[in-house]
Each structure stands twice: as structure tokens, then as C-alpha cells.
file structure-v8.cif (mmCIF, N, CA and C atoms)
data_entry
#
loop_
_atom_site.label_atom_id
_atom_site.label_comp_id
_atom_site.auth_asym_id
_atom_site.auth_seq_id
_atom_site.Cartn_x
_atom_site.Cartn_y
_atom_site.Cartn_z
N MET Z 1 7.09 6.62 20.74
CA MET Z 1 5.76 6.05 20.67
C MET Z 1 5.90 4.55 20.90
N GLY Z 2 5.32 4.06 21.94
CA GLY Z 2 5.33 2.64 22.22
C GLY Z 2 4.08 1.96 21.70
N TYR Z 3 4.24 0.75 21.27
CA TYR Z 3 3.11 -0.02 20.74
C TYR Z 3 1.99 -0.11 21.77
N GLY Z 4 2.32 -0.41 23.02
CA GLY Z 4 1.32 -0.57 24.06
C GLY Z 4 0.52 0.69 24.34
N LYS Z 5 1.10 1.85 24.08
CA LYS Z 5 0.39 3.11 24.33
C LYS Z 5 -0.75 3.32 23.34
N ASN Z 6 -0.62 2.74 22.16
CA ASN Z 6 -1.62 2.95 21.11
C ASN Z 6 -2.71 1.88 21.08
N ILE Z 7 -2.45 0.73 21.66
CA ILE Z 7 -3.38 -0.38 21.58
C ILE Z 7 -3.93 -0.68 22.97
N LYS Z 8 -5.22 -0.49 23.12
CA LYS Z 8 -5.86 -0.72 24.42
C LYS Z 8 -6.79 -1.93 24.39
N ASN Z 9 -7.07 -2.43 23.19
CA ASN Z 9 -8.00 -3.56 23.06
C ASN Z 9 -7.68 -4.33 21.78
N VAL Z 10 -8.36 -5.42 21.57
CA VAL Z 10 -8.21 -6.17 20.33
C VAL Z 10 -8.83 -5.33 19.22
N LEU Z 11 -8.06 -5.10 18.18
CA LEU Z 11 -8.53 -4.26 17.08
C LEU Z 11 -9.44 -5.04 16.13
N TYR Z 12 -10.39 -4.33 15.55
CA TYR Z 12 -11.36 -4.92 14.65
C TYR Z 12 -11.39 -4.11 13.37
N GLY Z 13 -11.10 -4.74 12.24
CA GLY Z 13 -11.12 -4.02 10.98
C GLY Z 13 -10.79 -4.92 9.82
N GLY Z 14 -10.27 -4.33 8.76
CA GLY Z 14 -9.93 -5.09 7.58
C GLY Z 14 -9.34 -4.21 6.51
N ASP Z 15 -9.14 -4.78 5.32
CA ASP Z 15 -8.60 -4.01 4.20
C ASP Z 15 -9.59 -2.92 3.81
N TYR Z 16 -9.04 -1.75 3.51
CA TYR Z 16 -9.85 -0.63 3.03
C TYR Z 16 -9.12 -0.06 1.82
N ASN Z 17 -9.80 -0.02 0.69
CA ASN Z 17 -9.20 0.38 -0.58
C ASN Z 17 -9.92 1.57 -1.21
N PRO Z 18 -9.94 2.71 -0.53
CA PRO Z 18 -10.69 3.85 -1.07
C PRO Z 18 -10.14 4.39 -2.38
N GLU Z 19 -8.87 4.11 -2.67
CA GLU Z 19 -8.30 4.59 -3.92
C GLU Z 19 -8.99 3.99 -5.13
N GLN Z 20 -9.78 2.93 -4.92
CA GLN Z 20 -10.51 2.28 -6.01
C GLN Z 20 -11.89 2.89 -6.25
N TRP Z 21 -12.27 3.88 -5.43
CA TRP Z 21 -13.61 4.46 -5.50
C TRP Z 21 -13.51 5.97 -5.58
N PRO Z 22 -14.55 6.63 -6.08
CA PRO Z 22 -14.53 8.09 -6.12
C PRO Z 22 -14.43 8.67 -4.70
N GLU Z 23 -13.72 9.77 -4.59
CA GLU Z 23 -13.52 10.42 -3.30
C GLU Z 23 -14.84 10.79 -2.62
N GLU Z 24 -15.86 11.03 -3.41
CA GLU Z 24 -17.16 11.44 -2.85
C GLU Z 24 -17.74 10.41 -1.89
N VAL Z 25 -17.36 9.15 -2.01
CA VAL Z 25 -17.93 8.11 -1.14
C VAL Z 25 -17.11 7.87 0.14
N TRP Z 26 -15.93 8.46 0.22
CA TRP Z 26 -15.06 8.17 1.36
C TRP Z 26 -15.66 8.58 2.70
N HIS Z 27 -16.36 9.69 2.74
CA HIS Z 27 -16.96 10.13 4.01
C HIS Z 27 -18.09 9.19 4.44
N GLU Z 28 -18.82 8.67 3.48
CA GLU Z 28 -19.84 7.67 3.79
C GLU Z 28 -19.17 6.39 4.29
N ASP Z 29 -18.03 6.04 3.70
CA ASP Z 29 -17.27 4.89 4.20
C ASP Z 29 -16.93 5.07 5.67
N MET Z 30 -16.50 6.26 6.04
CA MET Z 30 -16.13 6.52 7.43
C MET Z 30 -17.33 6.32 8.36
N ARG Z 31 -18.49 6.79 7.91
CA ARG Z 31 -19.71 6.61 8.70
C ARG Z 31 -20.02 5.13 8.90
N ILE Z 32 -19.90 4.37 7.82
CA ILE Z 32 -20.20 2.94 7.88
C ILE Z 32 -19.19 2.21 8.76
N LEU Z 33 -17.92 2.56 8.65
CA LEU Z 33 -16.89 1.92 9.48
C LEU Z 33 -17.15 2.19 10.97
N LYS Z 34 -17.55 3.43 11.28
CA LYS Z 34 -17.87 3.76 12.67
C LYS Z 34 -19.10 2.98 13.15
N GLU Z 35 -20.10 2.90 12.29
CA GLU Z 35 -21.32 2.16 12.63
C GLU Z 35 -21.02 0.69 12.90
N ALA Z 36 -20.03 0.16 12.18
CA ALA Z 36 -19.64 -1.24 12.35
C ALA Z 36 -18.65 -1.42 13.52
N HIS Z 37 -18.32 -0.32 14.19
CA HIS Z 37 -17.38 -0.33 15.33
C HIS Z 37 -15.98 -0.80 14.94
N MET Z 38 -15.60 -0.53 13.70
CA MET Z 38 -14.26 -0.87 13.25
C MET Z 38 -13.30 0.20 13.77
N ASP Z 39 -12.08 -0.23 14.15
CA ASP Z 39 -11.13 0.74 14.66
C ASP Z 39 -9.77 0.68 13.97
N ILE Z 40 -9.62 -0.22 12.98
CA ILE Z 40 -8.37 -0.28 12.22
C ILE Z 40 -8.68 -0.62 10.76
N VAL Z 41 -7.88 -0.04 9.87
CA VAL Z 41 -7.97 -0.37 8.45
C VAL Z 41 -6.56 -0.67 7.92
N THR Z 42 -6.49 -1.63 7.03
CA THR Z 42 -5.25 -1.89 6.30
C THR Z 42 -5.34 -1.10 5.01
N LEU Z 43 -4.36 -0.25 4.77
CA LEU Z 43 -4.35 0.62 3.61
C LEU Z 43 -3.17 0.32 2.70
N ASN Z 44 -3.34 0.61 1.41
CA ASN Z 44 -2.23 0.72 0.49
C ASN Z 44 -1.67 -0.64 0.04
N VAL Z 45 -2.48 -1.67 0.04
CA VAL Z 45 -1.96 -3.01 -0.23
C VAL Z 45 -1.44 -3.16 -1.67
N PHE Z 46 -2.20 -2.71 -2.65
CA PHE Z 46 -1.79 -2.92 -4.05
C PHE Z 46 -1.71 -1.60 -4.81
N SER Z 47 -1.07 -0.60 -4.24
CA SER Z 47 -1.03 0.74 -4.83
C SER Z 47 0.30 1.13 -5.44
N TRP Z 48 1.20 0.18 -5.62
CA TRP Z 48 2.54 0.52 -6.09
C TRP Z 48 2.50 1.33 -7.38
N ALA Z 49 1.70 0.92 -8.35
CA ALA Z 49 1.64 1.64 -9.63
C ALA Z 49 1.19 3.08 -9.45
N ALA Z 50 0.26 3.32 -8.55
CA ALA Z 50 -0.20 4.69 -8.31
C ALA Z 50 0.84 5.51 -7.55
N LEU Z 51 1.54 4.87 -6.63
CA LEU Z 51 2.53 5.58 -5.82
C LEU Z 51 3.81 5.88 -6.58
N GLN Z 52 4.16 5.02 -7.54
CA GLN Z 52 5.39 5.20 -8.31
C GLN Z 52 5.07 5.04 -9.79
N PRO Z 53 4.55 6.11 -10.41
CA PRO Z 53 4.12 6.01 -11.81
C PRO Z 53 5.26 5.84 -12.81
N ASP Z 54 6.48 6.12 -12.40
CA ASP Z 54 7.65 5.85 -13.23
C ASP Z 54 8.85 5.65 -12.33
N GLU Z 55 9.97 5.38 -12.94
CA GLU Z 55 11.16 5.01 -12.19
C GLU Z 55 11.64 6.09 -11.22
N TYR Z 56 11.36 7.34 -11.53
CA TYR Z 56 11.94 8.44 -10.77
C TYR Z 56 10.94 9.23 -9.93
N THR Z 57 9.66 8.90 -10.04
CA THR Z 57 8.62 9.72 -9.43
C THR Z 57 7.84 8.94 -8.39
N TYR Z 58 7.61 9.59 -7.26
CA TYR Z 58 6.69 9.06 -6.25
C TYR Z 58 5.55 10.07 -6.14
N ASN Z 59 4.34 9.56 -6.04
CA ASN Z 59 3.16 10.42 -5.92
C ASN Z 59 2.31 9.92 -4.75
N PHE Z 60 2.35 10.65 -3.65
CA PHE Z 60 1.62 10.26 -2.45
C PHE Z 60 0.37 11.11 -2.21
N GLU Z 61 -0.02 11.92 -3.18
CA GLU Z 61 -1.14 12.85 -3.00
C GLU Z 61 -2.42 12.15 -2.55
N LYS Z 62 -2.81 11.10 -3.24
CA LYS Z 62 -4.06 10.41 -2.89
C LYS Z 62 -3.92 9.68 -1.56
N LEU Z 63 -2.79 9.02 -1.34
CA LEU Z 63 -2.59 8.34 -0.06
C LEU Z 63 -2.53 9.34 1.10
N ASP Z 64 -1.97 10.52 0.87
CA ASP Z 64 -1.98 11.56 1.89
C ASP Z 64 -3.42 11.89 2.31
N LYS Z 65 -4.29 12.05 1.33
CA LYS Z 65 -5.70 12.36 1.63
C LYS Z 65 -6.35 11.23 2.43
N ILE Z 66 -6.06 10.01 2.03
CA ILE Z 66 -6.64 8.84 2.71
C ILE Z 66 -6.11 8.75 4.14
N MET Z 67 -4.81 8.95 4.31
CA MET Z 67 -4.22 8.89 5.65
C MET Z 67 -4.80 9.97 6.55
N GLU Z 68 -4.99 11.15 6.03
CA GLU Z 68 -5.60 12.23 6.82
C GLU Z 68 -7.05 11.89 7.18
N LEU Z 69 -7.78 11.36 6.22
CA LEU Z 69 -9.18 11.00 6.45
C LEU Z 69 -9.32 9.98 7.57
N VAL Z 70 -8.55 8.90 7.49
CA VAL Z 70 -8.70 7.87 8.52
C VAL Z 70 -8.17 8.37 9.87
N HIS Z 71 -7.12 9.18 9.84
CA HIS Z 71 -6.60 9.76 11.09
C HIS Z 71 -7.66 10.65 11.74
N ASN Z 72 -8.25 11.51 10.95
CA ASN Z 72 -9.27 12.44 11.46
C ASN Z 72 -10.53 11.72 11.94
N ASN Z 73 -10.70 10.49 11.51
CA ASN Z 73 -11.85 9.70 11.94
C ASN Z 73 -11.49 8.68 13.01
N GLY Z 74 -10.32 8.83 13.59
CA GLY Z 74 -9.93 8.02 14.74
C GLY Z 74 -9.58 6.58 14.45
N LEU Z 75 -9.28 6.26 13.21
CA LEU Z 75 -8.95 4.88 12.87
C LEU Z 75 -7.44 4.62 12.96
N LYS Z 76 -7.09 3.46 13.47
CA LYS Z 76 -5.72 3.00 13.45
C LYS Z 76 -5.43 2.47 12.04
N VAL Z 77 -4.14 2.38 11.70
CA VAL Z 77 -3.76 1.96 10.36
C VAL Z 77 -2.71 0.86 10.43
N CYS Z 78 -2.94 -0.16 9.63
CA CYS Z 78 -1.93 -1.15 9.29
C CYS Z 78 -1.51 -0.74 7.88
N LEU Z 79 -0.34 -0.13 7.74
CA LEU Z 79 0.08 0.43 6.46
C LEU Z 79 0.86 -0.60 5.66
N ALA Z 80 0.36 -0.90 4.48
CA ALA Z 80 1.00 -1.87 3.61
C ALA Z 80 2.10 -1.22 2.78
N THR Z 81 3.07 -2.01 2.39
CA THR Z 81 4.18 -1.52 1.59
C THR Z 81 3.84 -1.40 0.10
N SER Z 82 2.72 -1.94 -0.32
CA SER Z 82 2.28 -1.94 -1.73
C SER Z 82 3.10 -2.83 -2.62
N THR Z 83 3.98 -3.62 -2.08
CA THR Z 83 4.91 -4.38 -2.91
C THR Z 83 4.37 -5.74 -3.35
N GLY Z 84 3.09 -5.97 -3.18
CA GLY Z 84 2.48 -7.22 -3.61
C GLY Z 84 2.14 -7.25 -5.10
N ALA Z 85 2.28 -6.12 -5.78
CA ALA Z 85 2.01 -6.06 -7.22
C ALA Z 85 2.80 -4.89 -7.82
N HIS Z 86 3.82 -5.22 -8.58
CA HIS Z 86 4.68 -4.17 -9.15
C HIS Z 86 3.98 -3.46 -10.32
N PRO Z 87 4.45 -2.25 -10.65
CA PRO Z 87 3.85 -1.49 -11.76
C PRO Z 87 4.22 -2.06 -13.13
N ALA Z 88 3.39 -1.77 -14.11
CA ALA Z 88 3.62 -2.25 -15.48
C ALA Z 88 4.92 -1.72 -16.05
N TRP Z 89 5.24 -0.45 -15.79
CA TRP Z 89 6.48 0.11 -16.34
C TRP Z 89 7.69 -0.69 -15.88
N MET Z 90 7.63 -1.22 -14.67
CA MET Z 90 8.74 -1.97 -14.12
C MET Z 90 8.93 -3.29 -14.88
N ALA Z 91 7.83 -3.96 -15.15
CA ALA Z 91 7.89 -5.23 -15.89
C ALA Z 91 8.37 -5.03 -17.32
N ARG Z 92 7.96 -3.92 -17.93
CA ARG Z 92 8.40 -3.63 -19.31
C ARG Z 92 9.90 -3.33 -19.35
N LYS Z 93 10.35 -2.51 -18.42
CA LYS Z 93 11.75 -2.08 -18.44
C LYS Z 93 12.69 -3.14 -17.85
N TYR Z 94 12.21 -3.87 -16.86
CA TYR Z 94 13.03 -4.85 -16.15
C TYR Z 94 12.30 -6.20 -16.09
N PRO Z 95 12.29 -6.96 -17.17
CA PRO Z 95 11.53 -8.21 -17.19
C PRO Z 95 12.02 -9.26 -16.19
N ASP Z 96 13.21 -9.06 -15.61
CA ASP Z 96 13.69 -10.00 -14.60
C ASP Z 96 12.80 -10.00 -13.36
N ILE Z 97 11.97 -8.98 -13.21
CA ILE Z 97 11.10 -8.90 -12.04
C ILE Z 97 9.96 -9.92 -12.11
N LEU Z 98 9.65 -10.39 -13.30
CA LEU Z 98 8.54 -11.34 -13.46
C LEU Z 98 8.95 -12.74 -13.00
N ARG Z 99 8.02 -13.41 -12.37
CA ARG Z 99 8.27 -14.78 -11.91
C ARG Z 99 8.49 -15.71 -13.10
N THR Z 100 9.20 -16.77 -12.83
CA THR Z 100 9.41 -17.83 -13.81
C THR Z 100 8.68 -19.07 -13.31
N GLU Z 101 7.92 -19.68 -14.20
CA GLU Z 101 7.18 -20.90 -13.86
C GLU Z 101 8.15 -22.07 -13.72
N PRO Z 102 7.73 -23.14 -13.04
CA PRO Z 102 8.61 -24.31 -12.88
C PRO Z 102 9.12 -24.89 -14.20
N ASP Z 103 8.33 -24.72 -15.28
CA ASP Z 103 8.76 -25.25 -16.58
C ASP Z 103 9.69 -24.29 -17.33
N GLY Z 104 10.05 -23.15 -16.69
CA GLY Z 104 10.98 -22.20 -17.29
C GLY Z 104 10.34 -21.05 -18.03
N ARG Z 105 9.02 -21.08 -18.20
CA ARG Z 105 8.35 -19.98 -18.89
C ARG Z 105 8.26 -18.75 -17.98
N LYS Z 106 8.53 -17.57 -18.54
CA LYS Z 106 8.39 -16.32 -17.82
C LYS Z 106 6.91 -15.94 -17.77
N ARG Z 107 6.43 -15.55 -16.63
CA ARG Z 107 5.06 -15.05 -16.54
C ARG Z 107 4.95 -13.72 -17.26
N LYS Z 108 3.77 -13.40 -17.70
CA LYS Z 108 3.50 -12.10 -18.29
C LYS Z 108 3.08 -11.15 -17.17
N PHE Z 109 3.11 -9.85 -17.45
CA PHE Z 109 2.70 -8.87 -16.45
C PHE Z 109 1.21 -9.03 -16.13
N GLY Z 110 0.87 -8.79 -14.89
CA GLY Z 110 -0.52 -8.79 -14.46
C GLY Z 110 -0.70 -9.70 -13.26
N GLY Z 111 -1.64 -9.37 -12.45
CA GLY Z 111 -1.94 -10.18 -11.28
C GLY Z 111 -1.08 -9.81 -10.09
N ARG Z 112 -1.50 -10.33 -8.98
CA ARG Z 112 -0.79 -10.08 -7.73
C ARG Z 112 0.31 -11.10 -7.54
N HIS Z 113 1.26 -10.76 -6.74
CA HIS Z 113 2.37 -11.65 -6.39
C HIS Z 113 3.06 -12.20 -7.63
N ASN Z 114 3.30 -11.34 -8.58
CA ASN Z 114 3.94 -11.74 -9.82
C ASN Z 114 5.41 -11.34 -9.84
N SER Z 115 5.91 -10.77 -8.75
CA SER Z 115 7.32 -10.38 -8.69
C SER Z 115 8.16 -11.55 -8.22
N CYS Z 116 9.30 -11.71 -8.84
CA CYS Z 116 10.24 -12.74 -8.40
C CYS Z 116 11.02 -12.19 -7.21
N PRO Z 117 10.94 -12.84 -6.06
CA PRO Z 117 11.64 -12.31 -4.89
C PRO Z 117 13.16 -12.33 -5.03
N ASN Z 118 13.68 -13.10 -5.99
CA ASN Z 118 15.13 -13.14 -6.24
C ASN Z 118 15.58 -12.09 -7.25
N SER Z 119 14.64 -11.39 -7.85
CA SER Z 119 14.98 -10.38 -8.84
C SER Z 119 15.73 -9.22 -8.20
N GLN Z 120 16.84 -8.84 -8.82
CA GLN Z 120 17.59 -7.67 -8.33
C GLN Z 120 16.75 -6.40 -8.47
N THR Z 121 15.92 -6.35 -9.49
CA THR Z 121 15.02 -5.20 -9.67
C THR Z 121 14.06 -5.10 -8.49
N TYR Z 122 13.42 -6.21 -8.15
CA TYR Z 122 12.49 -6.20 -7.01
C TYR Z 122 13.23 -5.84 -5.73
N ARG Z 123 14.39 -6.42 -5.52
CA ARG Z 123 15.17 -6.17 -4.30
C ARG Z 123 15.68 -4.73 -4.22
N TYR Z 124 15.73 -4.05 -5.34
CA TYR Z 124 16.12 -2.64 -5.35
C TYR Z 124 14.91 -1.74 -5.10
N TYR Z 125 13.83 -1.95 -5.86
CA TYR Z 125 12.69 -1.03 -5.82
C TYR Z 125 11.75 -1.24 -4.63
N ALA Z 126 11.53 -2.46 -4.20
CA ALA Z 126 10.60 -2.69 -3.09
C ALA Z 126 11.07 -2.02 -1.80
N PRO Z 127 12.32 -2.18 -1.38
CA PRO Z 127 12.75 -1.49 -0.17
C PRO Z 127 12.76 0.03 -0.32
N LYS Z 128 13.06 0.52 -1.54
CA LYS Z 128 13.02 1.97 -1.77
C LYS Z 128 11.62 2.51 -1.51
N LEU Z 129 10.61 1.82 -2.01
CA LEU Z 129 9.24 2.26 -1.79
C LEU Z 129 8.90 2.21 -0.31
N ALA Z 130 9.26 1.13 0.36
CA ALA Z 130 8.99 1.01 1.80
C ALA Z 130 9.66 2.14 2.58
N LYS Z 131 10.88 2.49 2.21
CA LYS Z 131 11.58 3.59 2.89
C LYS Z 131 10.87 4.93 2.65
N GLU Z 132 10.41 5.13 1.41
CA GLU Z 132 9.67 6.37 1.10
C GLU Z 132 8.39 6.46 1.94
N LEU Z 133 7.68 5.36 2.04
CA LEU Z 133 6.46 5.33 2.84
C LEU Z 133 6.76 5.60 4.31
N ALA Z 134 7.79 4.94 4.83
CA ALA Z 134 8.14 5.11 6.24
C ALA Z 134 8.54 6.55 6.53
N ALA Z 135 9.31 7.15 5.66
CA ALA Z 135 9.73 8.54 5.85
C ALA Z 135 8.54 9.49 5.78
N ARG Z 136 7.65 9.24 4.85
CA ARG Z 136 6.53 10.15 4.65
C ARG Z 136 5.52 10.09 5.80
N TYR Z 137 5.26 8.90 6.32
CA TYR Z 137 4.19 8.74 7.29
C TYR Z 137 4.68 8.45 8.71
N LYS Z 138 5.96 8.68 8.97
CA LYS Z 138 6.53 8.38 10.28
C LYS Z 138 5.88 9.19 11.41
N GLY Z 139 5.30 10.32 11.12
CA GLY Z 139 4.68 11.14 12.14
C GLY Z 139 3.26 10.76 12.50
N TYR Z 140 2.70 9.78 11.82
CA TYR Z 140 1.32 9.37 12.09
C TYR Z 140 1.28 8.43 13.29
N ASP Z 141 0.71 8.89 14.38
CA ASP Z 141 0.66 8.07 15.59
C ASP Z 141 -0.41 6.98 15.51
N ASN Z 142 -1.20 6.98 14.46
CA ASN Z 142 -2.23 5.95 14.32
C ASN Z 142 -1.75 4.74 13.51
N ILE Z 143 -0.52 4.77 12.99
CA ILE Z 143 0.03 3.59 12.33
C ILE Z 143 0.53 2.66 13.43
N VAL Z 144 -0.10 1.49 13.50
CA VAL Z 144 0.24 0.54 14.58
C VAL Z 144 0.88 -0.74 14.07
N ALA Z 145 0.90 -0.91 12.74
CA ALA Z 145 1.50 -2.12 12.17
C ALA Z 145 1.83 -1.86 10.71
N TRP Z 146 2.77 -2.67 10.20
CA TRP Z 146 3.13 -2.64 8.79
C TRP Z 146 2.71 -3.97 8.17
N HIS Z 147 2.15 -3.87 6.99
CA HIS Z 147 1.70 -5.02 6.22
C HIS Z 147 2.72 -5.20 5.09
N ILE Z 148 3.57 -6.20 5.22
CA ILE Z 148 4.69 -6.36 4.31
C ILE Z 148 4.30 -7.23 3.12
N SER Z 149 4.49 -6.70 1.92
CA SER Z 149 4.22 -7.34 0.65
C SER Z 149 2.74 -7.69 0.48
N ASN Z 150 2.25 -8.71 1.08
CA ASN Z 150 0.87 -9.14 1.19
C ASN Z 150 0.89 -10.62 1.50
#
call {"tool": "encode", "arguments": {"input": "structure-v8.cif", "output": "C-alpha cells"}}
result
Amino acid sequence: MGYGKNIKNVLYGGDYNPEQWPEEVWHEDMRILKEAHMDIVTLNVFSWAALQPDEYTYNFEKLDKIMELVHNNGLKVCLATSTGAHPAWMARKYPDILRTEPDGRKRKFGGRHNSCPNSQTYRYYAPKLAKELAARYKGYDNIVAWHISN
């Protein structure tokens, strides 16, 4: 699959976060996106906690539904790695993942971009999640870009 084969024009779209809304509204979302002539959505930006509810488990059930929905509606996807916000269990078990302020204070869990990029925990788990996503969705011909971290 070549990039040029999938892109014929300048794409128009934006972040789409259906996991934050009841499934009943997703089909209406598709109608509205088509009405707005959008042809790409960025998915999965801050879903790490939902995708990896604990250290050993990955759960792609909801993202699978979303990926099928947008594929069936002809939308291209910029798939995010979800690594812009780590799960709470990770911060509790591995506090080294939390950023340190310039004055030496450790940040508390919460908020986006709170992972320390030098943390061995982050450097272990973030690529693992990205690999899981790549393996799971490698067959989707509508993925045209990856959104790394955020």
C-alpha cells in the first residue's frame, strides 16, 4: 500500500473522540461528518487507559467498533498512539513515569502530557502499546498517518 494511492486530495478533518459519547450517537456523527465533507478523522488520542486497563491486558473492543464505523463510512484515519496520557494504574505502580517540575517536585497523576519522556516505564510501555496498535490495525487501508504521542 503506497501513500500516494490512498491520498488524492488535501484531506479535511480533525480529532474525533467517539469513545467519550454513547454509541447511539456515532451514526449521527457519521452523517454530520459527511455533511461537512470531512474525509479524515484523528482517532485514539487519549485512550491509553481504556486500551490498557492493567499491566497485562489490552482491550481494543471499543476501538475496533470505531475503526469499523469510520472505515464503513469511507473516512481516512490518522491513528494516534494514545501515549499522550498514561493510565492511573501506571502512575500508581511506577511513579517514575510522572514528570518532575524544575524545582524538583514530582507531579501528581492527571492531565495530559504528564509522562516523563526519560522514564524507563514510559519507554517500555509506550512503544509496546504502539506495536499492539500497529499489529491490530495493519490491515486497514484507510489509515494514512500516525499521530505520535500528541
call {"tool": "resolve_selection", "arguments": {"input": "structure-v8.cif", "expression": "the PyMOL selection byres (((chain Z and resi 105-117 and name CA) around 8) and name CA)", "output": "VMD selection string"}}
result
chain Z and resid 84 to 86 88 91 96 to 104 118 to 119 122 to 123
call {"tool": "select_by_dssp", "arguments": {"input": "structure-v8.cif", "residues": "stretch 32-115 of chain Z", "states": "strand (DSSP E)", "output": "PyMOL selection string"}}
result
chain Z and resi 40-43+76-80
call {"tool": "atom_distance", "arguments": {"input": "structure-v8.cif", "atom1": "atom C of Z:Ile143", "atom2": "atom C of Z:Lys34"}}
result
19.6 Å
call {"tool": "atom_distance", "arguments": {"input": "structure-v8.cif", "atom1": "atom C of Z:Arg31", "atom2": "atom CA of Z:Ser149"}}
result
28.5 Å
call {"tool": "select_by_dssp", "arguments": {"input": "structure-v8.cif", "residues": "stretch 35-117 of chain Z", "states": "alpha helix (DSSP H)", "output": "list in words"}}
result
Glu35, Trp48, Ala49, Ala50, Leu51, Glu61, Lys62, Leu63, Asp64, Lys65, Ile66, Met67, Glu68, Leu69, Val70, His71, Asn72, Ala88, Trp89, Met90, Ala91, Arg92 and Lys93 of chain Z
call {"tool": "atom_distance", "arguments": {"input": "structure-v8.cif", "atom1": "atom N of Z:Pro53", "atom2": "atom N of Z:Gly74"}}
result
28.4 Å
call {"tool": "decode", "arguments": {"input": "structure-v8.cif", "residues": "stretch 91-105 of chain Z", "atoms": "N, CA, C and O atoms", "output": "short mmCIF file (atom, residue, chain, number, x, y, z; two decimals), in the first residue's frame"}}
result
data_model
loop_
_atom_site.label_atom_id
_atom_site.label_comp_id
_atom_site.auth_asym_id
_atom_site.auth_seq_id
_atom_site.Cartn_x
_atom_site.Cartn_y
_atom_site.Cartn_z
N ALA Z 91 0.84 5.17 36.89
CA ALA Z 91 1.41 6.17 37.79
C ALA Z 91 1.48 5.66 39.23
O ALA Z 91 2.44 5.95 39.95
N ARG Z 92 0.47 4.88 39.63
CA ARG Z 92 0.48 4.31 40.99
C ARG Z 92 1.61 3.29 41.16
O ARG Z 92 2.33 3.29 42.15
N LYS Z 93 1.73 2.41 40.17
CA LYS Z 93 2.71 1.33 40.28
C LYS Z 93 4.13 1.79 39.96
O LYS Z 93 5.10 1.28 40.53
N TYR Z 94 4.25 2.73 39.03
CA TYR Z 94 5.55 3.19 38.56
C TYR Z 94 5.61 4.72 38.61
O TYR Z 94 5.51 5.39 37.58
N PRO Z 95 5.80 5.31 39.77
CA PRO Z 95 5.78 6.77 39.89
C PRO Z 95 6.88 7.48 39.10
O PRO Z 95 6.80 8.68 38.86
N ASP Z 96 7.89 6.74 38.64
CA ASP Z 96 8.93 7.36 37.82
C ASP Z 96 8.38 7.90 36.50
O ASP Z 96 9.02 8.73 35.86
N ILE Z 97 7.19 7.46 36.13
CA ILE Z 97 6.60 7.92 34.87
C ILE Z 97 6.13 9.37 34.95
O ILE Z 97 6.00 10.05 33.94
N LEU Z 98 5.90 9.86 36.16
CA LEU Z 98 5.41 11.23 36.34
C LEU Z 98 6.53 12.24 36.12
O LEU Z 98 7.67 12.04 36.53
N ARG Z 99 6.17 13.34 35.49
CA ARG Z 99 7.14 14.41 35.26
C ARG Z 99 7.60 15.02 36.58
O ARG Z 99 6.86 15.03 37.57
N THR Z 100 8.78 15.58 36.54
CA THR Z 100 9.32 16.31 37.68
C THR Z 100 9.39 17.78 37.28
O THR Z 100 9.87 18.12 36.20
N GLU Z 101 8.90 18.64 38.17
CA GLU Z 101 8.94 20.08 37.92
C GLU Z 101 10.37 20.60 38.05
O GLU Z 101 11.21 19.94 38.68
N PRO Z 102 10.66 21.77 37.49
CA PRO Z 102 12.01 22.33 37.58
C PRO Z 102 12.52 22.48 39.02
O PRO Z 102 13.71 22.40 39.27
N ASP Z 103 11.59 22.67 39.97
CA ASP Z 103 12.01 22.81 41.37
C ASP Z 103 12.19 21.46 42.08
O ASP Z 103 12.44 21.41 43.28
N GLY Z 104 12.04 20.35 41.33
CA GLY Z 104 12.26 19.02 41.89
C GLY Z 104 11.02 18.31 42.38
O GLY Z 104 11.08 17.14 42.75
N ARG Z 105 9.88 19.00 42.41
CA ARG Z 105 8.65 18.36 42.87
C ARG Z 105 8.11 17.42 41.79
O ARG Z 105 8.09 17.76 40.62
#
